[in-house]
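Coordinates as given in query31.txt (compact mmCIF, C-alpha atoms and all ligand atoms):
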# COMPACT_ATOMS: atom_id res chain seq x y z
CA MET A 9 111.92 118.45 127.04
CA SER A 10 110.02 116.20 129.40
CA ARG A 11 108.89 113.75 126.72
CA ARG A 12 110.49 110.33 126.68
CA TYR A 13 111.38 108.53 123.48
CA PHE A 14 109.10 105.60 122.70
CA ILE A 15 109.97 102.73 120.37
CA ALA A 16 107.02 100.43 119.66
CA GLY A 17 107.04 97.35 117.46
CA ASN A 18 103.94 96.59 115.42
CA TRP A 19 104.37 92.95 114.48
CA LYS A 20 101.26 93.07 112.25
CA MET A 21 100.05 89.62 111.05
CA ASN A 22 103.41 87.94 111.55
CA LYS A 23 104.69 85.15 113.78
CA THR A 24 103.00 82.16 115.37
CA PRO A 25 102.97 82.08 119.18
CA SER A 26 106.21 80.06 119.31
CA GLN A 27 107.95 82.38 116.86
CA ALA A 28 106.68 85.40 118.78
CA ALA A 29 107.96 83.89 122.02
CA ALA A 30 111.43 83.44 120.54
CA LEU A 31 111.55 87.06 119.42
CA ALA A 32 110.27 88.29 122.79
CA GLU A 33 112.91 86.26 124.62
CA ALA A 34 115.68 87.72 122.49
CA LEU A 35 114.35 91.24 123.08
CA VAL A 36 114.16 90.77 126.85
CA LYS A 37 117.77 89.64 126.78
CA ASN A 38 118.91 92.60 124.65
CA ILE A 39 116.78 95.50 125.87
CA GLY A 40 114.67 94.25 128.77
CA GLY A 41 116.61 96.42 131.18
CA VAL A 42 116.29 99.69 129.27
CA THR A 43 114.76 102.37 131.49
CA LYS A 44 115.48 105.65 129.69
CA VAL A 45 113.31 104.90 126.65
CA ASP A 46 109.76 103.54 126.58
CA VAL A 47 109.62 100.24 124.66
CA ALA A 48 106.60 98.19 123.64
CA VAL A 49 105.86 95.21 121.42
CA CYS A 50 102.49 94.62 119.78
CA PRO A 51 102.09 91.00 118.64
CA THR A 52 98.96 89.40 117.20
CA PHE A 53 96.10 88.61 119.60
CA THR A 54 97.08 84.93 119.58
CA SER A 55 100.58 85.73 120.85
CA LEU A 56 99.67 88.31 123.49
CA ASP A 57 99.45 85.74 126.28
CA VAL A 58 102.81 84.08 125.69
CA VAL A 59 104.65 87.33 124.89
CA GLY A 60 103.03 89.04 127.87
CA LYS A 61 104.41 86.38 130.21
CA ILE A 62 107.90 86.72 128.72
CA VAL A 63 108.11 90.52 128.93
CA LYS A 64 106.31 90.74 132.29
CA ASN A 65 109.40 91.13 134.46
CA SER A 66 111.25 93.38 132.02
CA ASN A 67 110.77 97.02 131.04
CA ILE A 68 109.23 96.02 127.71
CA LYS A 69 105.52 96.80 127.62
CA LEU A 70 102.82 94.88 125.80
CA GLY A 71 100.37 96.29 123.27
CA ALA A 72 97.62 94.96 120.99
CA GLN A 73 97.02 95.97 117.40
CA ASN A 74 93.29 96.65 117.59
CA MET A 75 90.20 96.25 119.79
CA HIS A 76 86.44 96.71 119.62
CA PHE A 77 84.78 99.70 121.26
CA GLU A 78 82.04 97.70 122.96
CA ALA A 79 82.80 96.02 126.28
CA SER A 80 81.32 92.65 125.30
CA GLY A 81 78.55 91.10 123.23
CA ALA A 82 77.65 89.58 119.89
CA TYR A 83 80.62 90.79 117.84
CA THR A 84 82.05 87.60 116.35
CA GLY A 85 85.79 87.74 115.87
CA GLU A 86 86.30 90.88 117.94
CA ILE A 87 88.28 91.54 121.14
CA ALA A 88 87.37 93.89 124.01
CA ALA A 89 89.56 96.12 126.15
CA ASP A 90 89.32 94.13 129.37
CA MET A 91 90.48 90.99 127.54
CA LEU A 92 93.63 92.86 126.56
CA LEU A 93 94.12 94.24 130.06
CA GLU A 94 93.91 90.79 131.59
CA LEU A 95 96.76 89.64 129.33
CA GLY A 96 98.92 92.51 130.53
CA CYS A 97 98.45 95.00 127.70
CA GLU A 98 99.25 98.60 128.47
CA TYR A 99 98.87 99.90 124.90
CA VAL A 100 96.59 99.34 121.92
CA ILE A 101 97.26 100.50 118.38
CA LEU A 102 94.12 102.08 116.91
CA GLY A 103 93.25 103.29 113.45
CA HIS A 104 96.28 101.91 111.67
CA SER A 105 96.05 102.75 107.96
CA GLU A 106 95.85 99.03 107.15
CA ARG A 107 92.74 98.83 109.31
CA ARG A 108 91.30 101.95 107.69
CA GLN A 109 92.13 100.65 104.20
CA TYR A 110 91.21 96.94 104.43
CA PHE A 111 88.77 96.79 107.33
CA ALA A 112 86.70 99.91 106.78
CA GLU A 113 87.76 101.75 109.92
CA THR A 114 86.67 105.37 109.94
CA ASP A 115 87.46 108.40 112.06
CA GLU A 116 84.21 107.61 113.88
CA THR A 117 85.13 104.03 114.81
CA VAL A 118 88.67 105.11 115.69
CA ASN A 119 87.14 107.74 117.99
CA LYS A 120 84.84 105.23 119.69
CA LYS A 121 87.78 102.85 120.19
CA THR A 122 90.02 105.63 121.50
CA CYS A 123 87.43 106.63 124.11
CA ALA A 124 86.75 102.99 125.06
CA ALA A 125 90.48 102.29 125.44
CA ILE A 126 91.04 105.34 127.64
CA ASN A 127 88.02 104.52 129.79
CA ALA A 128 89.27 100.96 130.25
CA GLY A 129 92.73 102.13 131.27
CA LEU A 130 94.61 101.28 128.07
CA LYS A 131 96.90 103.75 126.32
CA PRO A 132 95.83 104.13 122.69
CA ILE A 133 98.46 104.60 119.98
CA VAL A 134 96.30 106.47 117.47
CA CYS A 135 97.58 106.26 113.90
CA VAL A 136 97.09 108.99 111.31
CA GLY A 137 98.58 109.48 107.88
CA GLU A 138 97.94 110.62 104.33
CA THR A 139 98.00 108.52 101.17
CA LEU A 140 100.30 109.33 98.28
CA ALA A 141 97.37 110.73 96.27
CA GLN A 142 96.45 113.04 99.16
CA ARG A 143 100.05 114.25 99.52
CA GLU A 144 100.26 114.93 95.78
CA GLU A 145 96.95 116.79 95.90
CA GLY A 146 98.40 119.02 98.64
CA VAL A 147 95.81 118.09 101.26
CA THR A 148 98.13 116.35 103.74
CA MET A 149 97.61 118.77 106.62
CA LYS A 150 93.84 118.84 106.13
CA VAL A 151 93.72 115.03 106.20
CA ILE A 152 95.91 114.86 109.32
CA GLU A 153 93.86 117.54 111.10
CA THR A 154 90.61 115.72 110.32
CA GLN A 155 92.01 112.39 111.54
CA VAL A 156 93.54 113.81 114.73
CA LYS A 157 90.45 115.85 115.65
CA GLY A 158 88.17 112.97 114.64
CA ALA A 159 89.98 110.44 116.81
CA LEU A 160 90.06 112.77 119.81
CA GLU A 161 86.46 114.01 119.72
CA GLY A 162 85.25 114.03 123.33
CA VAL A 163 88.65 113.10 124.77
CA CYS A 164 89.21 115.32 127.79
CA ASP A 165 92.42 116.89 129.17
CA LYS A 166 92.92 113.93 131.47
CA GLY A 167 92.28 111.41 128.70
CA ILE A 168 94.74 112.92 126.23
CA LYS A 169 97.55 112.33 128.71
CA SER A 170 97.38 108.60 128.03
CA VAL A 171 97.22 108.98 124.23
CA VAL A 172 100.16 108.44 121.88
CA ILE A 173 99.85 109.65 118.28
CA ALA A 174 101.65 107.86 115.44
CA TYR A 175 102.14 109.70 112.15
CA GLU A 176 102.45 107.07 109.45
CA PRO A 177 102.39 108.37 105.88
CA VAL A 178 100.62 105.54 104.05
CA TRP A 179 103.02 105.75 101.11
CA ALA A 180 105.98 105.10 103.41
CA ILE A 181 104.64 101.94 105.08
CA GLY A 182 106.46 98.81 104.02
CA THR A 183 107.65 100.49 100.83
CA GLY A 184 111.20 101.35 101.82
CA LYS A 185 110.30 105.01 101.16
CA THR A 186 110.74 107.08 104.30
CA ALA A 187 109.51 110.61 104.70
CA THR A 188 112.57 112.84 104.90
CA PRO A 189 113.18 114.05 108.45
CA ALA A 190 112.05 117.53 107.41
CA MET A 191 108.83 116.22 105.83
CA ALA A 192 108.03 114.16 108.90
CA GLU A 193 108.87 116.99 111.30
CA GLU A 194 106.57 119.36 109.42
CA VAL A 195 103.62 117.03 110.02
CA HIS A 196 104.64 116.21 113.61
CA ALA A 197 104.83 119.92 114.46
CA PHE A 198 101.43 120.40 112.84
CA ILE A 199 99.96 117.56 114.92
CA ARG A 200 101.37 119.16 118.08
CA LYS A 201 99.87 122.50 117.10
CA THR A 202 96.52 120.83 116.49
CA LEU A 203 96.77 119.31 119.99
CA ALA A 204 97.80 122.68 121.45
CA ASP A 205 94.77 124.41 119.90
CA LYS A 206 92.52 121.87 121.61
CA TYR A 207 94.30 121.20 124.91
CA GLY A 208 96.77 124.06 125.36
CA GLU A 209 100.54 124.18 124.89
CA GLU A 210 101.50 122.46 128.10
CA ILE A 211 99.44 119.33 127.51
CA ALA A 212 100.41 119.21 123.81
CA GLU A 213 104.08 119.36 124.76
CA GLY A 214 103.65 116.21 126.84
CA VAL A 215 102.12 114.02 124.10
CA GLN A 216 104.44 111.49 122.46
CA ILE A 217 104.20 111.65 118.66
CA LEU A 218 105.79 108.68 116.90
CA TYR A 219 106.86 108.35 113.28
CA GLY A 220 106.09 105.17 111.35
CA GLY A 221 106.92 104.12 107.82
CA SER A 222 110.09 102.23 106.82
CA MET A 223 111.90 103.41 109.93
CA LYS A 224 115.06 101.41 110.50
CA PRO A 225 118.35 101.71 112.37
CA GLU A 226 119.97 103.55 109.45
CA ASN A 227 117.43 106.37 109.19
CA ALA A 228 116.34 106.51 112.84
CA PRO A 229 119.01 108.91 114.18
CA GLU A 230 118.05 111.68 111.75
CA LEU A 231 114.34 111.21 112.33
CA LEU A 232 114.71 111.09 116.12
CA ALA A 233 116.79 114.27 116.05
CA GLN A 234 113.71 116.24 114.97
CA LYS A 235 112.10 118.34 117.67
CA ASP A 236 108.65 116.81 117.51
CA ILE A 237 109.53 113.20 116.66
CA ASP A 238 109.41 111.28 119.92
CA GLY A 239 110.03 107.77 118.68
CA GLY A 240 108.85 105.24 116.16
CA LEU A 241 106.10 102.76 115.42
CA ILE A 242 108.12 100.09 113.69
CA GLY A 243 106.82 97.43 111.30
CA GLY A 244 109.33 95.38 109.32
CA ALA A 245 112.36 96.29 111.44
CA ALA A 246 110.53 95.17 114.59
CA LEU A 247 110.41 91.55 113.40
CA LYS A 248 114.09 90.91 114.02
CA ALA A 249 115.64 91.23 117.47
CA GLU A 250 118.78 92.83 116.10
CA SER A 251 117.18 95.69 114.18
CA PHE A 252 114.63 96.44 116.92
CA THR A 253 117.42 96.46 119.48
CA ASP A 254 119.38 98.89 117.28
CA LEU A 255 116.33 101.15 117.05
CA VAL A 256 116.02 101.26 120.82
CA GLN A 257 119.72 102.02 120.98
CA ALA A 258 119.22 104.87 118.48
CA ALA A 259 116.59 106.34 120.81
CA LEU A 260 118.94 105.98 123.77
CA ASN A 261 121.60 107.88 121.82
CA ALA A 262 119.22 110.58 120.54
P1 LIG B 301 107.07 99.49 108.22
O1 LIG B 301 108.06 99.87 109.29
O2 LIG B 301 107.17 98.06 107.81
O3 LIG B 301 107.09 100.44 107.07
O4 LIG B 301 105.61 99.61 108.89
C1 LIG B 301 105.29 100.76 109.60
C2 LIG B 301 103.99 100.56 110.28
O5 LIG B 301 102.97 100.46 109.63
C3 LIG B 301 103.99 100.45 111.73
O6 LIG B 301 102.70 100.49 112.24
Do you think you could lay out the structure here as structure tokens?
Ligand code: 13P
Amino acid sequence: MSRRYFIAGNWKMNKTPSQAAALAEALVKNIGGVTKVDVAVCPTFTSLDVVGKIVKNSNIKLGAQNMHFEASGAYTGEIAADMLLELGCEYVILGHSERRQYFAETDETVNKKTCAAINAGLKPIVCVGETLAQREEGVTMKVIETQVKGALEGVCDKGIKSVVIAYEPVWAIGTGKTATPAMAEEVHAFIRKTLADKYGEEIAEGVQILYGGSMKPENAPELLAQKDIDGGLIGGAALKAESFTDLVQAALNA
């Protein structure tokens, strides 16, 4: 398998710039030299500058948690792709379920952002996932297919090569409930098939598909052992240097 494991930390709305700097410094010390696994941290906008400077000379990459699809203009409170690029961002998380749920993001806005990010030279980490009600209704795959196809509308063969998909079942985020490895793998394999139908097997095989939702050092080995799980988008366990380091180690051992 040519895919590399990828462990990304989504720090969400946590840490002031000085707290973020302290965490970044500890991570550079612990895992800054890791080359066999892709590693990224995604702090808040206000900490991107300071964290970017700290991780700059390490192998840890920088990502943002959101961006606007327009390049500039009268969009009070928003951030554009080139602002992220100038701070050293390589990745941007798009369409996280918290953004869909609390900030009215739709498949359409996620699609516009995905295209804008690719065009600007950022690698989007596109999040998809079903709610508990949708899983119980038995519509998980339909929801995932709609979100994946929606986000990637108009994304060409070249563009998809810079996209990372994160499967985050909404009911598993921050709840301590993890999808079983088999449940997660079923959806990951389905996402890869959806990609293969659109882009062909070879391209689909190259796309990193991350799992997110209460992933921690204890459950990571089993999840990472699944064929189509290529890493994790980590929330809570990314906020402490020790647990994030252990997750990167789990990927190195996988
Ligand atoms: P937790 O790891 O805290 O469940 O969060 C997952 C997540 O939403 C990452 O984007």
Which residues sit within 10 Å of ligand LIG 301 (chain B), counting all atoms listed in the file, listed as a PDB file with C-alpha atoms, in the coordinates of the input?
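Once written, pocket-v9.pdb looks like this:
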ATOM      1  CA  ALA A  16     107.020 100.430 119.660  1.00  0.00           C
ATOM      2  CA  GLY A  17     107.040  97.350 117.460  1.00  0.00           C
ATOM      3  CA  ASN A  18     103.940  96.590 115.420  1.00  0.00           C
ATOM      4  CA  TRP A  19     104.370  92.950 114.480  1.00  0.00           C
ATOM      5  CA  LYS A  20     101.260  93.070 112.250  1.00  0.00           C
ATOM      6  CA  CYS A  50     102.490  94.620 119.780  1.00  0.00           C
ATOM      7  CA  GLN A  73      97.020  95.970 117.400  1.00  0.00           C
ATOM      8  CA  ILE A 101      97.260 100.500 118.380  1.00  0.00           C
ATOM      9  CA  LEU A 102      94.120 102.080 116.910  1.00  0.00           C
ATOM     10  CA  GLY A 103      93.250 103.290 113.450  1.00  0.00           C
ATOM     11  CA  HIS A 104      96.280 101.910 111.670  1.00  0.00           C
ATOM     12  CA  SER A 105      96.050 102.750 107.960  1.00  0.00           C
ATOM     13  CA  GLU A 106      95.850  99.030 107.150  1.00  0.00           C
ATOM     14  CA  ILE A 133      98.460 104.600 119.980  1.00  0.00           C
ATOM     15  CA  CYS A 135      97.580 106.260 113.900  1.00  0.00           C
ATOM     16  CA  ALA A 174     101.650 107.860 115.440  1.00  0.00           C
ATOM     17  CA  TYR A 175     102.140 109.700 112.150  1.00  0.00           C
ATOM     18  CA  GLU A 176     102.450 107.070 109.450  1.00  0.00           C
ATOM     19  CA  PRO A 177     102.390 108.370 105.880  1.00  0.00           C
ATOM     20  CA  VAL A 178     100.620 105.540 104.050  1.00  0.00           C
ATOM     21  CA  TRP A 179     103.020 105.750 101.110  1.00  0.00           C
ATOM     22  CA  ALA A 180     105.980 105.100 103.410  1.00  0.00           C
ATOM     23  CA  ILE A 181     104.640 101.940 105.080  1.00  0.00           C
ATOM     24  CA  GLY A 182     106.460  98.810 104.020  1.00  0.00           C
ATOM     25  CA  THR A 183     107.650 100.490 100.830  1.00  0.00           C
ATOM     26  CA  GLY A 184     111.200 101.350 101.820  1.00  0.00           C
ATOM     27  CA  LYS A 185     110.300 105.010 101.160  1.00  0.00           C
ATOM     28  CA  THR A 186     110.740 107.080 104.300  1.00  0.00           C
ATOM     29  CA  LEU A 218     105.790 108.680 116.900  1.00  0.00           C
ATOM     30  CA  TYR A 219     106.860 108.350 113.280  1.00  0.00           C
ATOM     31  CA  GLY A 220     106.090 105.170 111.350  1.00  0.00           C
ATOM     32  CA  GLY A 221     106.920 104.120 107.820  1.00  0.00           C
ATOM     33  CA  SER A 222     110.090 102.230 106.820  1.00  0.00           C
ATOM     34  CA  MET A 223     111.900 103.410 109.930  1.00  0.00           C
ATOM     35  CA  LYS A 224     115.060 101.410 110.500  1.00  0.00           C
ATOM     36  CA  GLY A 240     108.850 105.240 116.160  1.00  0.00           C
ATOM     37  CA  LEU A 241     106.100 102.760 115.420  1.00  0.00           C
ATOM     38  CA  ILE A 242     108.120 100.090 113.690  1.00  0.00           C
ATOM     39  CA  GLY A 243     106.820  97.430 111.300  1.00  0.00           C
ATOM     40  CA  GLY A 244     109.330  95.380 109.320  1.00  0.00           C
ATOM     41  CA  ALA A 245     112.360  96.290 111.440  1.00  0.00           C
ATOM     42  CA  ALA A 246     110.530  95.170 114.590  1.00  0.00           C
ATOM     43  CA  LEU A 247     110.410  91.550 113.400  1.00  0.00           C
TER      44      LEU A 247
END
Env of segment 235-237 of chain A: 6 Å cut, atoms = all atoms listed in the file, seq-sep filter 5 positions within chain, self excluded. Answer as a VMD selection string.
chain A and resid 196 to 197 217 to 218
What's the separation between atom CA of Lys248 of chain A and atom CA of Gln109 of chain A, in Å to one decimal place?
26.0 Å
Hey, what's within 8 Å of segment 60-70 of chain A if we count all atoms listed in the file and toss same-chain stuff fewer than 2 positions away? As a PyMOL selection string, please?
chain A and resi 29+32-33+36+39-43+46-50+56-58+72+95-99
If we count only C-alpha atoms and set the cut-off at 8 Å, which residues sit around segment 159-161 of chain A, ignoring sequence neighbours fewer than 5 positions away in its own chain? Please answer as a CSV table (one decimal) with C-alpha atoms, in the frame of the given file.
chain,number,residue,atom,x,y,z
A,115,ASP,CA,87.5,108.4,112.1
A,116,GLU,CA,84.2,107.6,113.9
A,118,VAL,CA,88.7,105.1,115.7
A,119,ASN,CA,87.1,107.7,118.0
A,120,LYS,CA,84.8,105.2,119.7
A,122,THR,CA,90.0,105.6,121.5
A,123,CYS,CA,87.4,106.6,124.1
A,134,VAL,CA,96.3,106.5,117.5
A,168,ILE,CA,94.7,112.9,126.2
Would you compute the distance between atom CA of Ala190 of chain A and atom CA of Tyr110 of chain A? Give it in Å to one decimal.
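Going from atom CA of Ala190 of chain A over to atom CA of Tyr110 of chain A covers 29.4 Å.
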Select, from A:Ala82, A:Ala124, A:Val59, A:Met149, the residue with the minimum atom-to-atom distance to Val100 of chain A, counting only C-alpha atoms.
A:Ala124
So how many Å separate atom CA of Pro225 of chain A and atom CA of Ser251 of chain A, to one decimal?
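Interatomic distance here is 6.4 Å.
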Compare A:Gln216, A:Thr52, A:Thr114, A:Gln142 by their minimum atom-to-atom distance to Arg11 of chain A, counting all atoms listed in the file, and give me the closest one.
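Of A:Gln216, A:Thr52, A:Thr114, A:Gln142, the one nearest Arg11 of chain A is A:Gln216, counting all atoms listed in the file.
Taking only C-alpha atoms into account, Asn74 of chain A lies nearest to A:Ala125 out of the set A:Ala125, A:Val256, A:Ala28, A:Ala112.
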What's the 12 Å shell around Asp165 of chain A, counting only C-alpha atoms, without same-chain residues fewer than 6 positions away, as a list in words?
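In the requested format, the answer is Ile126, Val171, Leu203, Ala204, Lys206, Tyr207, Gly208, Glu209, Glu210, Ile211, Ala212, Gly214 and Val215 of chain A.
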Proximity to Ala249 of chain A - best of A:Met21, A:Ala192, A:Gly81, A:Lys37, all atoms listed in the file:
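Between A:Met21, A:Ala192, A:Gly81, A:Lys37, the residue approaching Ala249 of chain A most closely is A:Lys37.
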Using all atoms listed in the file, which residues sit within 7 Å of segment 86-90 of chain A once same-chain residues fewer than 3 positions away are excluded, as an mmCIF file with C-alpha atoms, keeping the file's coordinate frame?
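Here's the written file part17.cif:
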data_model
loop_
_atom_site.group_PDB
_atom_site.id
_atom_site.type_symbol
_atom_site.label_atom_id
_atom_site.label_comp_id
_atom_site.auth_asym_id
_atom_site.auth_seq_id
_atom_site.Cartn_x
_atom_site.Cartn_y
_atom_site.Cartn_z
ATOM 1 C CA MET A 75 90.200 96.250 119.790
ATOM 2 C CA HIS A 76 86.440 96.710 119.620
ATOM 3 C CA PHE A 77 84.780 99.700 121.260
ATOM 4 C CA GLU A 78 82.040 97.700 122.960
ATOM 5 C CA ALA A 79 82.800 96.020 126.280
ATOM 6 C CA SER A 80 81.320 92.650 125.300
ATOM 7 C CA TYR A 83 80.620 90.790 117.840
ATOM 8 C CA LEU A 93 94.120 94.240 130.060
ATOM 9 C CA GLU A 94 93.910 90.790 131.590
ATOM 10 C CA ALA A 125 90.480 102.290 125.440
ATOM 11 C CA ALA A 128 89.270 100.960 130.250
#
